[in-house]
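Heads up: the structure comes next, in structure tokens.
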Amino acid sequence: MATEAVRLDGVTRRFGAMVALHEAWLKVRHGEFLTLLGPSGCGKTTLLNLIAGFLAADGGEIFIEGALVTATPVWQRDIGMVFQNYALFPHMDVARNVAYGLATRGVNKAEAAQRVAEALALVKLTGMAGRRPRELSGGQQQRVALARALVIRPKVLLLDEPFSALDRNLRGAMQVELKEIQQRLGITTIFVTHDQGEALSMSDRVAVMSAGRIHQVGTPEEVYRRPADRFVAGFVGDVNRLPARLLGREGDTAQVAAGACHFTVPAAPLAGLAPGAAVELFLRPEQLAPAPAGGPALLEGVVVARVYQGDRMELHLEAAGVPGRVLLRLPGHAPGVGEHGSHLAVQAQPQPDAMAFPPTT
Amino acid sequence: MDAQVADMPASLAAPSRVPKLSVQRIGKRYGKLDALLPMDLDVAPGEFVTILGPSGSGKTTLLQIIAGLTEPTCGRLLIDGRNETDTPPHRRGIGVVFQNYALFPHLTVAENVAFPLQMRRMPAAELNRKVAATLEMVGLGGLQHRFPRELSGGQQQRVALARCFVYQPALIIMDEPLGALDRKLRETMQLEIRRLHRDTGATILFVTHDQDEALALSDRICLLNQARIEQLGTPQDIYERPASLFVADFIGLSNVLRGTLEAGGLRTADGLLPLPPGATPASGSLAALVIRPEHVELDPAEGPALAGRVTETVYAGSEHRLVVTLGSGASLILRRTASQGSLPLGAPVLLGWPAERAQLLRP
Amino acid sequence: MTLAGRRLDPLWLAAPGLVFLLGFLLAPVLQLLSVSLEDADTGGFSLAAYQRAFGVPVYVRVITNTFVMALQTMACCLVLGYPLAYWLARLPKRRQRLVSLLVLLPFWTSALVKNFAWLVLLGRNGAVSGVLDWLGIAEPGSLLFNRGAVIFAMTHSMLPLAVVAMLSVMGQIDNRLVLAAGTLGATRVEAFWRVFFQLSMPGVASAGLLVFIGALGYFITPALLGSPRETMMGQVIILQIQTMDNWIFASALAAMLIGAALLSCLLFDRLFGLSAIAGGSGVQRSPRSPVRRFGLWLLARLGSGFSRLAEGLARLLGGHRFGWLLPAYGIAVIAVLVLPILALFPMAFTSSEFLSFPPPGFSLRWFAEYFASPVWVAATLRSFGIGAATAVVTLCIATLAGFGLARSGSRLTGAVFLLFLLPMIVPSIVVAVALFYLFAQLGLVATDLGIMIGHTVHAIPIAFVILLATLKGYDWRLDQAAATLGANRLRSFLRVAMPLTKGGLVAAGIFAFLSSFEELTVALFIGGGLRSTLPKQLWDDVVLQVSPTLVAASVVVVVVVTALFLLAEALRPKD
């Protein structure tokens with residue numbers, strides 16, 4: 001009895017001298033929506049291609065539904081895949097595209113027709129069966145690709161940056177729709193993206209990758225609020241890095257001081273540092289706010305840019321002793337606060353999700 | 001025209017100044033297709049105006065007409081008050097930053113940047129000094145002997161900016177210059193472009209389909225849709241006082257509630273909703289109320305209270321977005337900060353908003 | 001397949017083609033080179049053949065002639081072809097495709113037919129002579145059998161090749177670069193010289209290379225339209241083998257042609273990189289290299305000089321008044337390219353005993369004669385048969401290699417790619433002589449199989465280039481998608497890859513057929529006197545006597561070529 005839908009045991013893949021994926025260990029649960037998130041070149045697509053079988057592993061083993069598939073060719077793995085550019089067969093109409101995976105499996109005509117109709121209804125394309133892919137909009141092509149992958153009832157659904165070609169409004173709508181379908185069918189799904197917003201909003205769990213390694217696997221809230229390392233903190237959302245000092249440790253937590261403020265942070269990343277050591281404090285932009293006059297300030301800086309974003313105003317500050325810029329996110333258009341070139345004292349919101357890491361050398 | 005002047009930042013609205021650029025009844029037809037309906041647009045000296053719109057809205061056509069790369073079917077184009085409608089591009093003194101940069105592949109970074117100065121027959125010593133200074137300004141010092149293909153996307157973008165800023169054109173047109181970059185690099189380059197704009201005082205016309213970019217960069221936004229101007233105004237105007245449902249939908253997230261106007265409010269399937277103060281609509285006509293998600297409140301102290309259930313929650317790191325479905329089936333989105341936290345699916349809620357935060361629009 | 005092991009690299013699919021080219025191109029050519037170093041009596045090592053070539057004045061003159069005429073032809077093709085290619089490159093896409101057909105048609109029409117047409121048109125009773133005589137420019141009969149006629153006809157034969165080579169590079173130049181130069185302050189003339197011209201140089205060079213190498217091995221034009229003073233090395237090689245049976249001396253001459261061709265390729269590679277021939281990016285010069293700096297300086301001077309001239313003229317004339325010049329030139333050159341082919345038609349239907357223009361009356365007698373002649377009919381049928389076989393074999397080899405190369409990640413792809421293009425840069429007369437020598441040992445001389453193998457060597461690069469262009473537009477993820485849906489490789493190829501690339505496959509097959517259908521050199525040597533193909537039959541008769549039957553035969557060739565060419569163009573995927 002398989003305990004996981006997909007399991008990777010120390011899977012490695014090299015391209016020449018470059019290690020594209022370094023000993024990846026990963027368990028994907030039944031019915032889970034797991035996202036591989038990372039910048040381009042981090043190995044997320046390599047990992048997906050290894051699961052699909054487009055690439056052969058140089059080491060390690062891959063299991064799907066408990067069966068070892070490391071040496072199984074793609075066409076016997078029973079996976080459904082949605083490609084970045086959809087990869088619809090341009091010479092077949094929508095119905096034949098969707099039916100293709102049933103034809104290769106020898107499903108009889110009547111059953112195939114019924115399953116195609118069901119799949120098209122699922123993605124709201126009933127009535128489009130006779131169209132050619134080039135007659136469809138980007139969003140519709142996306143739906144056909146999804147129907148084609150789902151109609152074969154695969155053991156696992158793989159999606160390779162499926163929304164990157166869509167414009168933003170459509171992308172939002174398709175994200176919601178995909179998530180709904182995934183939950184309705186309860187299908188195990190592995191989703192690849194470089195867009196952290198997409199990863200946070202859609203996933204049950206996120207695997208954050210960089211340079212061929214998996215840095216952290218956790219729920220969206222875990223990777224955003226409790227990043228395992230500096231890379232995860234910086235890649236999943238914006239972050240301010242402020243110089244701070246370690247005051248002391250107590251059980252799982254540690255105290256650090258920055259400016260006139262004290263913060264409680266997880267102690268694990270600071271193992272081995274003595275009290276008084278310099279550390280870097282990580283705070284999200286929405287956890288900073290202008291300090292009331294006379295109150296204790298975390299830092300003081302000069303506003304070098306005000307970036308209006310409709311629902312919020314982003315302030316960029318340059319502050320003495322802080323490498324890089326400090327970013328604040330204020331609701332609305334924040335009239336009168338932080339005009340360009342003005343000085344601004346900044347404090348943290350109460351009980352922020354602060355993290356601290358040893359400084360890079 | 002008066003309305004446009006009023007929309008400008010106070011420092012730029014001095015009425016005595018001649019507009020840097022004046023588009024007067026300019027239009028373009030291809031056969032039977034209107035690529036651009038006749039339109040007017042004035043850009044003040046030193047102003048940063050963004051031309052925003054979905055693909056196919058005519059923004060690239062407008063830009064090409066201004067740059068002299070396409071001839072308009074009708075209308076006049078004035079630059080500094082002179083009619084330049086028929087002037088070839090090389091005599092307009094306009095700088096253009098192209099979508100995929102259009103760097104000369106056979107020339108090095110320094111030679112690319114020197115090109116416009118050579119065309120102006122600048123003496124070698126001064127030319128070299130200017131090229132070096134400009135490359136320094138965009139953070140490319142030390143890369144002058146590379147070829148474009150040896151550079152990353154962001155670096156190529158900087159070369160394109162340097163090649164444009166080096167000869168100090170008074171009017172610069174940028175055609176989706178950041179479209180090929182990833183999100184973080186795009187945000188860095190946006191700040192860079194703002195800084196160059198402030199430091200040089202150039203007039204910039206910026207074309208994009210990205211609403212965040214338009215809000216972040218512009219003094220004014222000219223929003224195009226279906227070959228005509230949908231709204232012209234400051235970013236704040238456009239976001240807070242959209243002129244149409246298209247604008248409200250295109251810029252940011254919006255909640256739209258449709259109904260029929262009657263005395264005292266808008267009659268919708270979810271009840272009678274109050275109108276924003278100052279609205280004096282004709283009774284009996286169809287209309288829509290638009291409310292931004294950040295203005296939707298849970299358990300409002302005053303105003304209407306609509307009952308619904310949480311049907312979807314979306315985690316976005318810095319905030320939670322909740323989708324609440326009302327009794328009529330209509331749904332509203334609201335934002336909750338990370339510290340406010342989310343709500344469980346199915347939770348019953350009461351929603352409202354300050355009446356002055358809603359916009360009344362024709363459907 | 002081993003557990004967790006890498007699969008075979010798809011480059012292995014190129015293996016049949018590699019074996020074929022090694023066996024029927026590289027090995028025979030190397031054998032020929034070794035023959036050239038043999039002593040006639042002892043069979044030991046000797047440089048006697050080379051000493052003879054450079055010691056006897058008549059051969060020195062032939063060698064000098066060959067190189068000078070090849071260079072002259074190249075220069076004419078580049079100078080005349082560049083403006084035409086430039087005009088074509090800037091036409092709107094649809095019109096460019098249509099006008100390009102008029103350049104490609106003469107490209108695919110055999111040199112033999114085109115030269116034969118000039119022989120008739122420029123001859124004593126020809127149309128061109130008639131017009132020039134009437135205008136009082138030239139005496140009738142003075143147009144043929146001199147250097148000018150040979151260079152003109154060779155240029156006419158090779159110009160389409162030059163234009164196609166230049167156009168393929170010009171078509172890749174991003175039009176926005178010229179626009180960008182305009183917005184940066186460059187006039188149209190300056191933008192042309194400093195941006196467009198510079199970027200088109202790899203195309204000019206590859207056109208020059210292909211024309212030069214092609215012209216080196218030429219023998220048809222000097223034999224038909226030249227006097228003995230215009231004798232080229234190709235003619236001497238034929239004479240030495242077919243009449244004198246002097247293999248050693250012929251091999252030495254062939255070796256010199258190969259040497260010259262390889263040297264030009266090497267030079268080209270140093271300057272531009274060989275990949276530029278097939279539309280690659282070529283080499284990038286160091287920014288400080290003196291060659292590059294001189295080139296930029298020269299183009300800057302040319303740019304500003306011509307720009308001042310143009311602006312000055314514009315001021316003088318109150319505007320740019322020469323916009324019509326380029327289209328007019330383009331149309332005129334294309335007219336000259338197509339004219340001889342079209343002119344064959346009225347002459348083929350003449351009622352007269354002799355060729356004259358205009359024909360005195362309409363008659364089908366010469367076609368009747370053609371179709372009644374067992375010699376012509378047999379030759380025609382043989383050409384069709386060999387062409388079809390060549391197309392099938394070429395297509396199999398090139399398809400496998402094309403798919404293998406397009407999908408391979410191996411570092412060897414560059415070398416394999418060059419080997420498949422090699423038949424294009426070895427003068428065809430060398431290939432023919434080398435195969436003749438090999439086939440004499442294998443007993444394949446005067447067999448249809450022998451001719452077919454020789455034609456396949458020629459056709460491989462043509463089909464290969466077309467297939468690679470087709471596969472460039474093919475989305476490999478479709479195969480991956482089919483695999484995830486349960487299709488194995490064969491099924492995925494048959495149901496997805498093949499239907500989507502069939503246009504290119506058919507076009508490649510047609511062009512392979514055409515190249516065989518019109519091939520003369522290989523047929524001349526391998527066919528012997530017994531197995532005449534249609535071009536070989538034409539050649540044999542042309543050398544003896546010009547008759548209206550020959551024109552009728554040429555018309556048959558032109559009609560077949562045109563019909564198949566248009567079919568292939570219609571099927572080829574549009575980019």
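Chain labels A, B, ... are given in the sequence in which chains occur in the structure tokens; within each chain residues are numbered consecutively from 1, and ligands are likewise numbered from 1 in the order shown.
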
Would you tabulate, counting only C-alpha atoms, all residues of chain C that have an atom at most 10 Å from an atom of chain B, showing the closest pair of atoms and their distance in Å to one decimal, sorted by chain then ascending number, as a Markdown table?
```
| residue | atom | partner | partner_atom | distance |
| --- | --- | --- | --- | --- |
| C:Ile173 | CA | B:Pro105 | CA | 9.9 |
| C:Asp174 | CA | B:Ala102 | CA | 7.8 |
| C:Asn175 | CA | B:Ala102 | CA | 9.0 |
| C:Arg176 | CA | B:Ala102 | CA | 6.2 |
| C:Leu177 | CA | B:Ala102 | CA | 5.3 |
| C:Val178 | CA | B:Ala102 | CA | 8.9 |
| C:Leu179 | CA | B:Leu69 | CA | 7.1 |
| C:Ala180 | CA | B:Ala102 | CA | 6.6 |
| C:Ala181 | CA | B:Pro116 | CA | 7.8 |
| C:Gly182 | CA | B:His90 | CA | 4.7 |
| C:Thr183 | CA | B:His90 | CA | 4.9 |
| C:Leu184 | CA | B:Pro116 | CA | 4.9 |
| C:Gly185 | CA | B:His90 | CA | 4.1 |
| C:Ala186 | CA | B:Met119 | CA | 5.7 |
| C:Thr187 | CA | B:His90 | CA | 6.1 |
| C:Arg188 | CA | B:His90 | CA | 8.5 |
| C:Glu190 | CA | B:Met119 | CA | 8.5 |
| C:Ala191 | CA | B:Met119 | CA | 9.7 |
| C:Arg194 | CA | B:Phe115 | CA | 9.5 |
| C:Val195 | CA | B:Phe104 | CA | 7.2 |
| C:Phe196 | CA | B:Phe104 | CA | 9.7 |
| C:Gln198 | CA | B:His106 | CA | 7.7 |
| C:Leu199 | CA | B:His106 | CA | 6.9 |
| C:Gln284 | CA | B:His106 | CA | 8.3 |
| C:Arg285 | CA | B:His106 | CA | 9.1 |
| C:Ser286 | CA | B:His145 | CA | 8.9 |
| C:Pro287 | CA | B:His145 | CA | 6.3 |
| C:Arg288 | CA | B:His145 | CA | 8.4 |
| C:Arg292 | CA | B:His106 | CA | 9.6 |
| C:Leu296 | CA | B:Leu107 | CA | 9.0 |
| C:Ala300 | CA | B:Gln118 | CA | 9.2 |
| C:Ser304 | CA | B:Met119 | CA | 8.7 |
```

Those residues with C-alpha atoms, as a PDB file, in the first residue's frame please?
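To be explicit, this is the file written out as result.pdb:
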```pdb
ATOM      1  CA  ILE C 173      18.122  41.449 -39.453  1.00  0.00           C
ATOM      2  CA  ASP C 174      15.723  43.018 -36.987  1.00  0.00           C
ATOM      3  CA  ASN C 175      14.023  45.865 -38.801  1.00  0.00           C
ATOM      4  CA  ARG C 176      13.754  47.806 -35.565  1.00  0.00           C
ATOM      5  CA  LEU C 177      17.525  48.250 -35.519  1.00  0.00           C
ATOM      6  CA  VAL C 178      17.277  50.522 -38.548  1.00  0.00           C
ATOM      7  CA  LEU C 179      14.327  52.332 -36.955  1.00  0.00           C
ATOM      8  CA  ALA C 180      16.312  52.673 -33.728  1.00  0.00           C
ATOM      9  CA  ALA C 181      19.227  54.192 -35.667  1.00  0.00           C
ATOM     10  CA  GLY C 182      16.731  56.688 -37.121  1.00  0.00           C
ATOM     11  CA  THR C 183      15.466  57.784 -33.727  1.00  0.00           C
ATOM     12  CA  LEU C 184      19.082  58.145 -32.568  1.00  0.00           C
ATOM     13  CA  GLY C 185      19.728  60.664 -35.327  1.00  0.00           C
ATOM     14  CA  ALA C 186      20.947  58.590 -38.285  1.00  0.00           C
ATOM     15  CA  THR C 187      19.602  59.435 -41.733  1.00  0.00           C
ATOM     16  CA  ARG C 188      18.244  56.514 -43.760  1.00  0.00           C
ATOM     17  CA  GLU C 190      23.642  56.354 -42.589  1.00  0.00           C
ATOM     18  CA  ALA C 191      21.460  53.762 -40.903  1.00  0.00           C
ATOM     19  CA  ARG C 194      26.362  51.614 -40.321  1.00  0.00           C
ATOM     20  CA  VAL C 195      23.765  49.078 -39.267  1.00  0.00           C
ATOM     21  CA  PHE C 196      22.111  47.110 -42.059  1.00  0.00           C
ATOM     22  CA  GLN C 198      27.374  45.635 -41.582  1.00  0.00           C
ATOM     23  CA  LEU C 199      24.873  43.075 -40.320  1.00  0.00           C
ATOM     24  CA  GLN C 284      32.212  37.369 -32.930  1.00  0.00           C
ATOM     25  CA  ARG C 285      35.311  39.411 -33.403  1.00  0.00           C
ATOM     26  CA  SER C 286      37.148  40.828 -30.409  1.00  0.00           C
ATOM     27  CA  PRO C 287      36.026  44.438 -29.929  1.00  0.00           C
ATOM     28  CA  ARG C 288      39.568  45.701 -30.398  1.00  0.00           C
ATOM     29  CA  ARG C 292      36.720  45.147 -37.067  1.00  0.00           C
ATOM     30  CA  LEU C 296      33.538  50.183 -38.732  1.00  0.00           C
ATOM     31  CA  ALA C 300      31.171  55.241 -40.993  1.00  0.00           C
ATOM     32  CA  SER C 304      28.395  59.953 -43.793  1.00  0.00           C
TER      33      SER C 304
END
```

Original post:
In region 78-198 of chain B, what's alpha helix (DSSP H) per DSSP? Answer as an MDAnalysis selection string?
Top reply: chainID B and resid 109:119 124:137 153:165 183:198

Original post:
Which neighbours of Leu478 (chain C) fall inside 8 Å, counting only C-alpha atoms, when residues of the same chain fewer than 5 positions from it are skipped, and could you give them as a PyMOL selection string?
Top reply: (chain A and resi 87-89) or (chain C and resi 496-497)

Skipping near chain neighbours, those fewer than 4 positions away, what residues fall within 6 Å of Gly46 (chain B) using only C-alpha atoms, listed as a PDB file with N, CA and C atoms, in the first residue's frame?
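And here's part_25.pdb as it stands now:
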```pdb
ATOM      1  N   GLY B 201      15.327  65.589 -15.846  1.00  0.00           N
ATOM      2  CA  GLY B 201      14.231  66.504 -16.161  1.00  0.00           C
ATOM      3  C   GLY B 201      13.611  66.255 -17.528  1.00  0.00           C
ATOM      4  N   ALA B 202      13.890  65.093 -18.115  1.00  0.00           N
ATOM      5  CA  ALA B 202      13.346  64.800 -19.442  1.00  0.00           C
ATOM      6  C   ALA B 202      11.838  64.567 -19.363  1.00  0.00           C
ATOM      7  N   THR B 203      11.160  64.821 -20.483  1.00  0.00           N
ATOM      8  CA  THR B 203       9.752  64.461 -20.599  1.00  0.00           C
ATOM      9  C   THR B 203       9.700  63.012 -21.050  1.00  0.00           C
TER      10      THR B 203
END
```

Subject >> Spatial neighbours of region 242-258 of chain B, max dist 8 Å, only C-alpha atoms, sep filter under 6 positions, as a list of chain:residue names >> reply: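 Listing them by chain and then by number gives A:Asn169, A:Gly310, A:Asp311, B:Gln211, B:Leu223, B:Glu230, B:Gln231, B:Thr268, B:Leu286, B:Ala287, B:Ala288, B:Leu289, B:Val290, B:Ile291, B:Arg292, B:Pro293, B:Ala330, B:Ser331, B:Leu332, B:Ile333, B:Gln359, B:Leu361, B:Arg362, B:Pro363.
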
How close does each residue of chain A get to chain B, giving the shortest atom pair and distance in Å to one decimal for every residue with an atom at most 10 Å away, counting only C-alpha atoms, sorted by chain and residue number, as a tab-separated table?
```
residue	atom	partner	partner_atom	distance
A:Pro39	CA	B:Asp182	CA	9.5
A:Ser40	CA	B:Asp182	CA	9.8
A:Asp167	CA	B:Pro54	CA	9.0
A:Arg168	CA	B:Asp210	CA	8.5
A:Asn169	CA	B:Phe250	CA	7.9
A:Val176	CA	B:Val314	CA	9.2
A:Glu180	CA	B:Glu312	CA	9.9
A:His194	CA	B:Asp182	CA	9.4
A:Asp195	CA	B:Arg183	CA	8.6
A:Gln196	CA	B:Ala316	CA	8.7
A:Gly197	CA	B:Ala316	CA	6.0
A:Glu198	CA	B:Ala316	CA	8.3
A:Ala199	CA	B:Ala316	CA	8.8
A:Leu200	CA	B:Ala316	CA	5.7
A:Ser201	CA	B:Tyr315	CA	4.7
A:Met202	CA	B:Val314	CA	7.5
A:Ser203	CA	B:Tyr315	CA	9.3
A:Pro220	CA	B:Tyr315	CA	7.5
A:Glu221	CA	B:Gly317	CA	6.9
A:Glu222	CA	B:Gly317	CA	9.8
A:Val223	CA	B:Gly317	CA	9.2
A:Tyr224	CA	B:Gly317	CA	5.9
A:Arg225	CA	B:Gly317	CA	7.8
A:Phe235	CA	B:Lys184	CA	9.7
A:Val236	CA	B:Gly317	CA	8.3
A:Gly237	CA	B:Gly317	CA	7.1
A:Asp238	CA	B:Ser318	CA	9.3
A:Arg284	CA	B:Ser318	CA	7.9
A:Pro285	CA	B:Ser318	CA	8.4
A:Glu286	CA	B:Ser318	CA	6.4
A:Gln287	CA	B:Ser318	CA	8.7
A:Val304	CA	B:Arg195	CA	9.2
A:Ala305	CA	B:Leu191	CA	7.5
A:Arg306	CA	B:Ala216	CA	8.1
A:Val307	CA	B:Ala216	CA	4.8
A:Tyr308	CA	B:Ala216	CA	4.8
A:Gln309	CA	B:Leu215	CA	5.6
A:Gly310	CA	B:Tyr239	CA	5.7
A:Asp311	CA	B:Glu294	CA	6.7
A:Arg312	CA	B:Glu294	CA	9.4
A:Met313	CA	B:Ala216	CA	9.0
A:Glu314	CA	B:Ala216	CA	9.0
A:His316	CA	B:Leu191	CA	9.6
A:Arg329	CA	B:Ser318	CA	9.7
A:Pro331	CA	B:Glu294	CA	8.5
A:Gly332	CA	B:Glu294	CA	8.4
A:His333	CA	B:Gln236	CA	7.7
A:Gln349	CA	B:Ser339	CA	9.2
A:Pro350	CA	B:Ser339	CA	9.2
A:Gln351	CA	B:Ser339	CA	8.9
A:Pro352	CA	B:Ser339	CA	8.4
A:Asp353	CA	B:Ser339	CA	9.6
```

**OP:** Pull out every residue of chain A that has at least one atom within 10 Å of chain C, counting only C-alpha atoms, and report them as a PyMOL selection string.
**Re:** chain A and resi 49+52-61+69-92+97-105+145+148-152+154+158
